[in-house]
>>> print(open('upload_10.csv').read())   # CSV, C-alpha atoms
chain,number,residue,atom,x,y,z
A,1,MET,CA,0.0,0.0,0.0
A,2,LYS,CA,1.3,3.5,-0.9
A,3,VAL,CA,1.1,6.0,2.0
A,4,ILE,CA,2.1,9.6,2.6
A,5,LEU,CA,4.1,10.0,5.8
A,6,LEU,CA,2.7,12.8,8.0
A,7,GLN,CA,5.6,12.7,10.4
A,8,ASP,CA,9.2,11.5,10.4
A,9,VAL,CA,9.1,7.7,11.0
A,10,GLU,CA,12.3,6.1,12.2
A,11,LYS,CA,13.7,3.5,9.7
A,12,LEU,CA,11.0,4.4,7.2
A,13,GLY,CA,11.2,8.0,6.0
A,14,LYS,CA,10.8,11.7,6.5
A,15,LYS,CA,7.6,13.8,6.7
A,16,PHE,CA,5.7,14.2,3.4
A,17,GLU,CA,7.5,11.3,1.6
A,18,LEU,CA,5.6,8.8,-0.4
A,19,LYS,CA,6.4,5.2,0.7
A,20,ASP,CA,5.3,1.7,-0.3
A,21,VAL,CA,4.6,-0.3,2.9
A,22,SER,CA,2.9,-3.6,3.7
A,23,ASP,CA,-0.9,-3.3,4.1
A,24,GLY,CA,-0.8,-4.6,7.6
A,25,HIS,CA,1.8,-2.1,8.7
A,26,ALA,CA,-0.2,0.8,7.2
A,27,ARG,CA,-3.6,-0.3,8.6
A,28,ASN,CA,-2.4,-1.5,12.0
A,29,PHE,CA,0.3,1.0,12.9
A,30,LEU,CA,0.9,4.0,10.6
A,31,ILE,CA,-2.6,5.2,9.9
A,32,PRO,CA,-4.2,4.6,13.4
A,33,ASN,CA,-1.2,6.5,15.0
A,34,GLY,CA,-1.5,9.4,12.7
A,35,LEU,CA,1.9,8.8,11.1
A,36,ALA,CA,0.6,8.3,7.6
A,37,LYS,CA,-2.4,8.4,5.3
A,38,LYS,CA,-3.3,6.4,2.3
A,39,ALA,CA,-2.0,7.8,-0.9
A,40,SER,CA,-5.2,8.5,-2.9
A,41,GLU,CA,-5.4,11.0,-5.8
A,42,GLU,CA,-6.9,13.6,-3.4
A,43,ALA,CA,-4.1,12.9,-0.9
A,44,LEU,CA,-1.4,13.3,-3.6
A,45,LYS,CA,-2.8,16.7,-4.6
A,46,TRP,CA,-2.8,17.7,-0.9
A,47,LEU,CA,0.9,16.5,-0.7
A,48,GLU,CA,1.9,18.7,-3.7
A,49,MET,CA,0.2,21.7,-2.1
A,50,GLN,CA,2.0,21.0,1.2
A,51,LYS,CA,5.4,20.8,-0.6
A,52,GLU,CA,4.6,24.2,-2.4
A,53,ILE,CA,3.8,25.8,1.0
A,54,ILE,CA,7.0,24.5,2.6
A,55,SER,CA,9.0,25.6,-0.4
A,56,LYS,CA,7.6,29.2,-0.2
A,57,LYS,CA,8.2,29.3,3.5
A,58,GLU,CA,11.8,28.2,3.1
A,59,GLU,CA,12.4,30.9,0.4
A,60,GLU,CA,10.9,33.6,2.7
A,61,ASP,CA,13.0,32.3,5.6
A,62,LEU,CA,16.2,32.3,3.4
A,63,LYS,CA,15.4,35.9,2.3
A,64,LYS,CA,14.8,37.0,5.9
A,65,ASN,CA,18.1,35.4,7.0
A,66,GLN,CA,20.0,37.0,4.1
A,67,ASP,CA,18.6,40.4,5.0
A,68,ALA,CA,19.5,40.0,8.6
A,69,ALA,CA,23.0,38.9,7.8
A,70,SER,CA,23.6,41.8,5.4
A,71,ASN,CA,22.2,44.3,7.8
A,72,MET,CA,24.4,43.1,10.6
A,73,ASP,CA,27.6,42.7,8.5
A,74,GLY,CA,30.3,44.9,10.0
A,75,LEU,CA,28.1,46.1,12.8
A,76,GLU,CA,29.9,47.6,15.8
A,77,VAL,CA,28.3,46.7,19.2
A,78,MET,CA,29.5,48.7,22.2
A,79,ILE,CA,29.1,47.0,25.6
A,80,PRO,CA,30.0,49.2,28.6
A,81,VAL,CA,31.2,47.2,31.7
A,82,LYS,CA,32.3,48.0,35.2
A,83,THR,CA,36.1,47.8,35.7
A,84,GLY,CA,38.4,47.8,38.6
A,85,ASP,CA,41.3,50.2,39.2
A,86,ASP,CA,43.7,48.4,36.9
A,87,LYS,CA,41.1,48.1,34.0
A,88,GLN,CA,40.2,44.5,35.1
A,89,LEU,CA,36.6,43.6,34.1
A,90,PHE,CA,34.2,42.7,36.9
A,91,GLU,CA,32.3,40.4,34.6
A,92,SER,CA,33.0,38.5,31.4
A,93,ILE,CA,31.1,39.1,28.2
A,94,ASN,CA,29.5,35.9,26.9
A,95,ALA,CA,27.2,35.1,24.0
A,96,GLN,CA,24.1,35.8,26.1
A,97,LYS,CA,25.2,39.3,26.9
A,98,ILE,CA,26.0,40.0,23.2
A,99,SER,CA,22.6,38.6,22.2
A,100,GLU,CA,20.9,40.8,24.7
A,101,LYS,CA,22.7,43.9,23.4
A,102,LEU,CA,21.8,43.0,19.8
A,103,LYS,CA,18.2,42.7,20.9
A,104,GLU,CA,18.4,46.2,22.4
A,105,LEU,CA,19.7,47.4,19.0
A,106,GLY,CA,16.7,45.7,17.2
A,107,TYR,CA,18.4,42.5,15.9
A,108,GLU,CA,16.8,39.1,16.8
A,109,VAL,CA,19.8,36.9,17.4
A,110,LYS,CA,19.8,33.9,19.8
A,111,LYS,CA,22.8,33.2,21.9
A,112,ASN,CA,23.5,29.9,20.2
A,113,GLN,CA,23.9,31.8,16.9
A,114,ILE,CA,26.9,33.8,18.3
A,115,MET,CA,30.1,31.9,17.8
A,116,LEU,CA,32.3,33.0,20.8
A,117,ARG,CA,35.1,30.6,21.7
A,118,ASP,CA,35.7,31.9,25.1
A,119,PRO,CA,34.0,34.7,27.1
A,120,ILE,CA,35.6,38.2,26.6
A,121,LYS,CA,37.5,39.2,29.8
A,122,GLU,CA,39.3,42.5,28.8
A,123,LEU,CA,38.6,45.9,27.2
A,124,GLY,CA,39.0,46.2,23.4
A,125,GLU,CA,37.6,45.3,20.1
A,126,PHE,CA,36.8,41.7,19.2
A,127,PRO,CA,35.5,40.2,15.9
A,128,VAL,CA,32.6,37.8,16.5
A,129,LYS,CA,30.9,35.6,14.0
A,130,VAL,CA,27.1,35.2,13.9
A,131,HIS,CA,25.7,32.1,12.2
A,132,PHE,CA,22.2,32.1,10.6
A,133,GLU,CA,20.2,29.2,9.1
A,134,HIS,CA,20.9,28.2,5.5
A,135,ASN,CA,24.7,28.4,6.2
A,136,LEU,CA,24.7,32.2,6.3
A,137,GLU,CA,27.3,33.9,8.4
A,138,THR,CA,28.3,37.4,9.2
A,139,GLU,CA,30.9,39.1,11.4
A,140,ILE,CA,30.3,41.9,13.9
A,141,LYS,CA,32.7,43.8,16.0
A,142,VAL,CA,32.1,43.8,19.8
A,143,ILE,CA,33.7,46.7,21.5
A,144,ILE,CA,34.1,46.4,25.3
A,145,ILE,CA,34.4,49.9,26.9
A,146,GLU,CA,34.7,51.1,30.4
A,147,GLU,CA,31.4,52.1,32.0
A,148,LYS,CA,31.3,55.7,33.1
A,149,ARG,CA,31.3,56.0,36.9
>>> encode(input="upload_10.csv", output="structure tokens")
Amino acid sequence: MKVILLQDVEKLGKKFELKDVSDGHARNFLIPNGLAKKASEEALKWLEMQKEIISKKEEEDLKKNQDAASNMDGLEVMIPVKTGDDKQLFESINAQKISEKLKELGYEVKKNQIMLRDPIKELGEFPVKVHFEHNLETEIKVIIIEEKR
């Protein structure tokens, strides 16, 4: 029996794939559990519409990520921090703090998108890579400055 998978099924296939499975497996497991539906003509038309919707959504997502990456390319982000008498930072700057500062500036970047090997622990300028979906990447400059007392 030909079925359309409605979810990823381990050792069988991915969502929206057309698969040929045994009648018993389809009737007793896949269809009752909502993992698949029988591949009728109507269901195949539905499948094509779903693939078009997903394709359009991926194109929009790619464009959105490209725009965000190009807008952020070369961006300078200043982060003021408290320092001691000998310019020693009282706190280290990690991906979370950079992400929060970017949100203040109007950029939606999650902390796991910021590629920072080690937290920044001194004043100065540091290049930081930001990864987006679709293998897009940009580089920003994080400038750590002394907070005015």
>>> closest_residue(input="upload_10.csv", among="A:Ile114, A:Leu12, A:Ile144, A:Ala26", to="Leu89 (chain A)", atoms="only C-alpha atoms")
A:Ile144
>>> residues_around(input="upload_10.csv", residues="region 77-85 of chain A", least_positions_apart="5", cutoff="7 Å", atoms="all atoms listed in the file", output="ChimeraX atom specification")
/A:90,141-147
>>> residues_around(input="upload_10.csv", residues="region 28-40 of chain A", least_positions_apart="2", cutoff="7 Å", atoms="all atoms listed in the file", output="list in words")
Lys2, Val3, Ile4, Leu5, Leu6, Gln7, Gly24, His25, Ala26, Glu42, Ala43 and Leu44 of chain A
>>> residues_around(input="upload_10.csv", residues="Lys101 (chain A)", least_positions_apart="2", cutoff="12 Å", atoms="all atoms listed in the file", output="list of chain:residue names")
A:Glu76, A:Val77, A:Met78, A:Ile79, A:Pro80, A:Ile93, A:Asn94, A:Ala95, A:Gln96, A:Lys97, A:Ile98, A:Ser99, A:Lys103, A:Glu104, A:Leu105, A:Gly106, A:Tyr107, A:Glu108, A:Val109, A:Lys110, A:Lys111, A:Val142, A:Ile143, A:Ile144
>>> atom_distance(input="upload_10.csv", atom1="CA of Lys121 (chain A)", atom2="CA of Thr138 (chain A)")
22.6 Å
>>> build_atoms(input="upload_10.csv", residues="region 39-59 of chain A", atoms="N, CA and C atoms", output="PDB file, in the frame of the given file")
ATOM      1  N   ALA A  39      -2.352   6.963   0.166  1.00  0.00           N
ATOM      2  CA  ALA A  39      -2.000   7.800  -0.900  1.00  0.00           C
ATOM      3  C   ALA A  39      -3.064   7.762  -2.045  1.00  0.00           C
ATOM      4  N   SER A  40      -4.197   8.418  -1.833  1.00  0.00           N
ATOM      5  CA  SER A  40      -5.200   8.500  -2.900  1.00  0.00           C
ATOM      6  C   SER A  40      -4.901   9.690  -3.777  1.00  0.00           C
ATOM      7  N   GLU A  41      -5.673   9.862  -4.855  1.00  0.00           N
ATOM      8  CA  GLU A  41      -5.400  11.000  -5.800  1.00  0.00           C
ATOM      9  C   GLU A  41      -5.597  12.314  -5.013  1.00  0.00           C
ATOM     10  N   GLU A  42      -6.630  12.380  -4.185  1.00  0.00           N
ATOM     11  CA  GLU A  42      -6.900  13.600  -3.400  1.00  0.00           C
ATOM     12  C   GLU A  42      -5.708  13.856  -2.438  1.00  0.00           C
ATOM     13  N   ALA A  43      -5.203  12.808  -1.810  1.00  0.00           N
ATOM     14  CA  ALA A  43      -4.100  12.900  -0.900  1.00  0.00           C
ATOM     15  C   ALA A  43      -2.814  13.367  -1.592  1.00  0.00           C
ATOM     16  N   LEU A  44      -2.612  12.890  -2.824  1.00  0.00           N
ATOM     17  CA  LEU A  44      -1.400  13.300  -3.600  1.00  0.00           C
ATOM     18  C   LEU A  44      -1.476  14.761  -3.975  1.00  0.00           C
ATOM     19  N   LYS A  45      -2.680  15.255  -4.294  1.00  0.00           N
ATOM     20  CA  LYS A  45      -2.800  16.700  -4.600  1.00  0.00           C
ATOM     21  C   LYS A  45      -2.538  17.506  -3.325  1.00  0.00           C
ATOM     22  N   TRP A  46      -3.036  17.033  -2.184  1.00  0.00           N
ATOM     23  CA  TRP A  46      -2.800  17.700  -0.900  1.00  0.00           C
ATOM     24  C   TRP A  46      -1.269  17.729  -0.633  1.00  0.00           C
ATOM     25  N   LEU A  47      -0.577  16.612  -0.938  1.00  0.00           N
ATOM     26  CA  LEU A  47       0.900  16.500  -0.700  1.00  0.00           C
ATOM     27  C   LEU A  47       1.604  17.566  -1.563  1.00  0.00           C
ATOM     28  N   GLU A  48       1.216  17.726  -2.828  1.00  0.00           N
ATOM     29  CA  GLU A  48       1.900  18.700  -3.700  1.00  0.00           C
ATOM     30  C   GLU A  48       1.638  20.133  -3.137  1.00  0.00           C
ATOM     31  N   MET A  49       0.439  20.415  -2.641  1.00  0.00           N
ATOM     32  CA  MET A  49       0.200  21.700  -2.100  1.00  0.00           C
ATOM     33  C   MET A  49       1.046  21.962  -0.821  1.00  0.00           C
ATOM     34  N   GLN A  50       1.192  20.930   0.003  1.00  0.00           N
ATOM     35  CA  GLN A  50       2.000  21.000   1.200  1.00  0.00           C
ATOM     36  C   GLN A  50       3.480  21.328   0.832  1.00  0.00           C
ATOM     37  N   LYS A  51       3.972  20.638  -0.201  1.00  0.00           N
ATOM     38  CA  LYS A  51       5.400  20.800  -0.600  1.00  0.00           C
ATOM     39  C   LYS A  51       5.561  22.261  -1.163  1.00  0.00           C
ATOM     40  N   GLU A  52       4.561  22.808  -1.879  1.00  0.00           N
ATOM     41  CA  GLU A  52       4.600  24.200  -2.400  1.00  0.00           C
ATOM     42  C   GLU A  52       4.669  25.173  -1.205  1.00  0.00           C
ATOM     43  N   ILE A  53       3.812  24.941  -0.213  1.00  0.00           N
ATOM     44  CA  ILE A  53       3.800  25.800   1.000  1.00  0.00           C
ATOM     45  C   ILE A  53       5.112  25.808   1.682  1.00  0.00           C
ATOM     46  N   ILE A  54       5.679  24.625   1.868  1.00  0.00           N
ATOM     47  CA  ILE A  54       7.000  24.500   2.600  1.00  0.00           C
ATOM     48  C   ILE A  54       8.058  25.188   1.743  1.00  0.00           C
ATOM     49  N   SER A  55       8.038  25.015   0.430  1.00  0.00           N
ATOM     50  CA  SER A  55       9.000  25.600  -0.400  1.00  0.00           C
ATOM     51  C   SER A  55       8.970  27.161  -0.337  1.00  0.00           C
ATOM     52  N   LYS A  56       7.762  27.725  -0.363  1.00  0.00           N
ATOM     53  CA  LYS A  56       7.600  29.200  -0.200  1.00  0.00           C
ATOM     54  C   LYS A  56       8.096  29.658   1.112  1.00  0.00           C
ATOM     55  N   LYS A  57       7.760  28.899   2.159  1.00  0.00           N
ATOM     56  CA  LYS A  57       8.200  29.300   3.500  1.00  0.00           C
ATOM     57  C   LYS A  57       9.705  29.276   3.618  1.00  0.00           C
ATOM     58  N   GLU A  58      10.353  28.276   3.016  1.00  0.00           N
ATOM     59  CA  GLU A  58      11.800  28.200   3.100  1.00  0.00           C
ATOM     60  C   GLU A  58      12.442  29.363   2.290  1.00  0.00           C
ATOM     61  N   GLU A  59      11.843  29.739   1.144  1.00  0.00           N
ATOM     62  CA  GLU A  59      12.400  30.900   0.400  1.00  0.00           C
ATOM     63  C   GLU A  59      12.249  32.164   1.196  1.00  0.00           C
TER      64      GLU A  59
END
